[in-house]
Structures are given as structure tokens and as C-alpha cells.
file coords_30.cif (mmCIF, C-alpha atoms)
data_coords
loop_
_atom_site.label_atom_id
_atom_site.label_comp_id
_atom_site.auth_asym_id
_atom_site.auth_seq_id
_atom_site.Cartn_x
_atom_site.Cartn_y
_atom_site.Cartn_z
CA MET K 1 54.96 75.83 123.51
CA SER K 2 58.13 74.25 122.18
CA GLU K 3 58.89 73.65 118.56
CA GLU K 4 60.60 70.45 117.56
CA THR K 5 62.85 70.54 114.54
CA THR K 6 62.38 67.59 112.27
CA THR K 7 65.10 66.72 109.86
CA THR K 8 64.37 66.61 106.18
CA VAL K 9 67.93 65.57 105.42
CA ASP K 10 68.11 61.99 104.26
CA ARG K 11 70.80 60.07 102.43
CA GLU K 12 69.31 60.79 99.01
CA THR K 13 69.19 64.52 99.78
CA VAL K 14 72.83 64.55 100.87
CA ILE K 15 73.91 62.72 97.72
CA ALA K 16 71.82 65.01 95.50
CA ASP K 17 73.20 68.14 97.19
CA ILE K 18 76.80 66.96 96.80
CA ALA K 19 76.24 65.93 93.19
CA ALA K 20 74.75 69.35 92.41
CA ALA K 21 77.73 71.07 94.05
CA LEU K 22 80.08 68.97 91.92
CA GLY K 23 78.05 69.28 88.73
CA VAL K 24 77.63 65.51 88.35
CA GLU K 25 74.74 63.06 88.43
CA PRO K 26 74.05 61.47 91.83
CA GLY K 27 74.60 58.02 90.33
CA GLU K 28 78.21 58.93 89.57
CA LEU K 29 79.01 59.04 93.29
CA THR K 30 79.73 55.95 95.34
CA GLU K 31 80.17 55.63 99.09
CA ASP K 32 83.92 55.34 98.45
CA THR K 33 84.12 58.63 96.53
CA ASN K 34 86.64 61.06 97.99
CA LEU K 35 84.73 64.29 97.56
CA PHE K 36 87.76 66.56 97.64
CA ASP K 37 89.42 64.47 94.92
CA ALA K 38 86.15 64.76 92.97
CA GLY K 39 86.45 68.55 93.05
CA LEU K 40 84.56 69.69 96.15
CA ASP K 41 86.29 72.61 97.84
CA SER K 42 86.05 74.01 101.35
CA VAL K 43 83.75 76.88 100.35
CA ARG K 44 81.18 74.51 98.86
CA LEU K 45 81.54 72.24 101.88
CA MET K 46 80.73 75.19 104.16
CA GLN K 47 77.67 75.96 102.03
CA LEU K 48 76.50 72.35 102.23
CA VAL K 49 77.01 72.20 105.99
CA GLU K 50 74.96 75.38 106.45
CA LYS K 51 72.22 74.03 104.18
CA TRP K 52 72.03 70.72 106.07
CA ARG K 53 72.11 72.39 109.48
CA SER K 54 69.32 74.74 108.42
CA ALA K 55 67.31 71.74 107.21
CA GLY K 56 67.53 70.09 110.62
CA ALA K 57 70.83 68.21 110.68
CA PRO K 58 72.75 69.91 113.53
CA GLN K 59 75.28 67.08 113.50
CA ALA K 60 76.61 68.32 110.15
CA ASP K 61 80.00 69.69 111.14
CA PHE K 62 82.58 71.25 108.83
CA VAL K 63 85.61 69.98 110.77
CA THR K 64 84.34 66.40 110.97
CA LEU K 65 83.44 66.25 107.29
CA ALA K 66 86.62 67.98 106.10
CA ALA K 67 88.76 65.55 108.10
CA ASP K 68 87.50 62.57 106.10
CA PRO K 69 85.87 63.65 102.83
CA VAL K 70 84.51 60.25 101.82
CA LEU K 71 80.83 60.13 100.87
CA GLY K 72 80.01 57.07 102.99
CA LEU K 73 81.30 58.75 106.14
CA TRP K 74 79.42 61.95 105.35
CA LEU K 75 76.19 59.98 104.93
CA ASP K 76 76.73 58.34 108.34
CA VAL K 77 77.33 61.74 109.96
CA VAL K 78 74.70 63.91 108.25
CA ALA K 79 71.89 61.41 107.68
CA PRO K 80 72.42 58.52 110.08
#
call {"tool": "encode", "arguments": {"input": "coords_30.cif", "output": "C-alpha cells"}}
result
Amino acid sequence: MSEETTTTVDRETVIADIAAALGVEPGELTEDTNLFDAGLDSVRLMQLVEKWRSAGAPQADFVTLAADPVLGLWLDVVAP
């Protein structure tokens, strides 16, 4: 019997997780927000990637997200 992993990671979850990591309200983030400029560091990014992968988003990849830390891109990658 095989188990299928269903993703519970949606765009709102990604935004909420990032906002919590930054200590801001989700509404303060726009798709153009550069998350590293907003204060996100690599350690918190690694924690977010692990959280999203555990929640069923195997496409969440540290290298891909770190290469272009703009919220809109992250949403397209993590919660397409």
C-alpha cells in the first residue's frame, strides 16, 4: 500500500511563514519584496525550506531560493 504525500503548502502559508520569520505582518510583504534585504538570513531560509519540504513541498530548494530571494519567485517555486 503506497502513501501519497499531499501538500499543505499554499501561497498564504508561505507568506505567513516568511512574515513570522521576519517578525512582520504578512500584508507588509509584496511579491517584489527582496527577502534578504528585508532581514531574512540563510539560517532562517534553511529552517523554512525544511518546514515546507516536511509539509509536502519537495520542490522547496535552498539553492534555488537563495539565488533569487524575491517573494514572488519563492511563491512560484514552493507553492505553484
call {"tool": "residues_around", "arguments": {"input": "coords_30.cif", "residues": "K:Ala79", "least_positions_apart": "5", "cutoff": "7 Å", "atoms": "all atoms listed in the file", "output": "VMD selection string"}}
result
chain K and resid 9 to 11
call {"tool": "closest_residue", "arguments": {"input": "coords_30.cif", "among": "K:Ala55, K:Ala21, K:Leu29, K:Ala16", "to": "K:Gly72", "atoms": "all atoms listed in the file"}}
result
K:Leu29
call {"tool": "residues_around", "arguments": {"input": "coords_30.cif", "residues": "K:Leu71", "least_positions_apart": "3", "cutoff": "6 Å", "atoms": "all atoms listed in the file", "output": "PyMOL selection string"}}
result
chain K and resi 31+33+74
call {"tool": "closest_residue", "arguments": {"input": "coords_30.cif", "among": "K:Asp37, K:Gln59, K:Pro26, K:Gln47", "to": "K:Thr13", "atoms": "all atoms listed in the file"}}
result
K:Pro26
call {"tool": "atom_distance", "arguments": {"input": "coords_30.cif", "atom1": "atom CA of K:Leu35", "atom2": "atom CA of K:Thr64"}}
result
13.6 Å
call {"tool": "residues_around", "arguments": {"input": "coords_30.cif", "residues": "K:Pro58", "least_positions_apart": "6", "cutoff": "9 Å", "atoms": "only C-alpha atoms", "output": "list in words"}}
result
Val49, Trp52 and Val78 of chain K
call {"tool": "residues_around", "arguments": {"input": "coords_30.cif", "residues": "K:Asn34", "least_positions_apart": "3", "cutoff": "12 Å", "atoms": "all atoms listed in the file", "output": "ChimeraX atom specification"}}
result
/K:18,22,29-31,37-41,65-74
call {"tool": "resolve_selection", "arguments": {"input": "coords_30.cif", "expression": "the PyMOL selection byres ((chain K and resi 48) around 10)", "output": "ChimeraX atom specification"}}
result
/K:14,17-18,21,42-47,49-54,60-62
call {"tool": "closest_residue", "arguments": {"input": "coords_30.cif", "among": "K:Pro80, K:Leu75, K:Gly56, K:Glu25", "to": "K:Thr8", "atoms": "all atoms listed in the file"}}
result
K:Gly56
call {"tool": "build_atoms", "arguments": {"input": "coords_30.cif", "residues": "stretch 63-75 of chain K", "atoms": "N, CA, C and O atoms", "output": "PDB file, in the frame of the given file"}}
result
ATOM      1  N   VAL K  63      84.340  70.594 110.383  1.00  0.00           N
ATOM      2  CA  VAL K  63      85.610  69.980 110.770  1.00  0.00           C
ATOM      3  C   VAL K  63      85.561  68.462 110.609  1.00  0.00           C
ATOM      4  O   VAL K  63      86.479  67.853 110.062  1.00  0.00           O
ATOM      5  N   THR K  64      84.487  67.856 111.072  1.00  0.00           N
ATOM      6  CA  THR K  64      84.340  66.400 110.970  1.00  0.00           C
ATOM      7  C   THR K  64      84.328  65.955 109.520  1.00  0.00           C
ATOM      8  O   THR K  64      85.015  64.999 109.147  1.00  0.00           O
ATOM      9  N   LEU K  65      83.553  66.646 108.692  1.00  0.00           N
ATOM     10  CA  LEU K  65      83.440  66.250 107.290  1.00  0.00           C
ATOM     11  C   LEU K  65      84.734  66.518 106.525  1.00  0.00           C
ATOM     12  O   LEU K  65      85.156  65.703 105.704  1.00  0.00           O
ATOM     13  N   ALA K  66      85.379  67.639 106.797  1.00  0.00           N
ATOM     14  CA  ALA K  66      86.620  67.980 106.100  1.00  0.00           C
ATOM     15  C   ALA K  66      87.751  67.010 106.456  1.00  0.00           C
ATOM     16  O   ALA K  66      88.622  66.745 105.631  1.00  0.00           O
ATOM     17  N   ALA K  67      87.712  66.462 107.663  1.00  0.00           N
ATOM     18  CA  ALA K  67      88.760  65.550 108.100  1.00  0.00           C
ATOM     19  C   ALA K  67      88.765  64.237 107.331  1.00  0.00           C
ATOM     20  O   ALA K  67      89.808  63.599 107.187  1.00  0.00           O
ATOM     21  N   ASP K  68      87.608  63.830 106.834  1.00  0.00           N
ATOM     22  CA  ASP K  68      87.500  62.570 106.100  1.00  0.00           C
ATOM     23  C   ASP K  68      86.436  62.743 105.012  1.00  0.00           C
ATOM     24  O   ASP K  68      85.269  62.409 105.213  1.00  0.00           O
ATOM     25  N   PRO K  69      86.838  63.275 103.859  1.00  0.00           N
ATOM     26  CA  PRO K  69      85.870  63.650 102.830  1.00  0.00           C
ATOM     27  C   PRO K  69      85.393  62.502 101.935  1.00  0.00           C
ATOM     28  O   PRO K  69      85.350  62.612 100.719  1.00  0.00           O
ATOM     29  N   VAL K  70      85.014  61.409 102.556  1.00  0.00           N
ATOM     30  CA  VAL K  70      84.510  60.250 101.820  1.00  0.00           C
ATOM     31  C   VAL K  70      82.994  60.204 101.975  1.00  0.00           C
ATOM     32  O   VAL K  70      82.464  60.329 103.082  1.00  0.00           O
ATOM     33  N   LEU K  71      82.289  60.043 100.877  1.00  0.00           N
ATOM     34  CA  LEU K  71      80.830  60.130 100.870  1.00  0.00           C
ATOM     35  C   LEU K  71      80.187  59.225 101.917  1.00  0.00           C
ATOM     36  O   LEU K  71      79.275  59.656 102.625  1.00  0.00           O
ATOM     37  N   GLY K  72      80.619  57.993 102.034  1.00  0.00           N
ATOM     38  CA  GLY K  72      80.010  57.070 102.990  1.00  0.00           C
ATOM     39  C   GLY K  72      80.053  57.595 104.415  1.00  0.00           C
ATOM     40  O   GLY K  72      79.078  57.493 105.153  1.00  0.00           O
ATOM     41  N   LEU K  73      81.181  58.180 104.804  1.00  0.00           N
ATOM     42  CA  LEU K  73      81.300  58.750 106.140  1.00  0.00           C
ATOM     43  C   LEU K  73      80.343  59.933 106.295  1.00  0.00           C
ATOM     44  O   LEU K  73      79.665  60.065 107.305  1.00  0.00           O
ATOM     45  N   TRP K  74      80.300  60.785 105.281  1.00  0.00           N
ATOM     46  CA  TRP K  74      79.420  61.950 105.350  1.00  0.00           C
ATOM     47  C   TRP K  74      77.972  61.518 105.509  1.00  0.00           C
ATOM     48  O   TRP K  74      77.217  62.116 106.249  1.00  0.00           O
ATOM     49  N   LEU K  75      77.569  60.471 104.805  1.00  0.00           N
ATOM     50  CA  LEU K  75      76.190  59.980 104.930  1.00  0.00           C
ATOM     51  C   LEU K  75      75.928  59.507 106.356  1.00  0.00           C
ATOM     52  O   LEU K  75      74.855  59.770 106.903  1.00  0.00           O
TER      53      LEU K  75
END
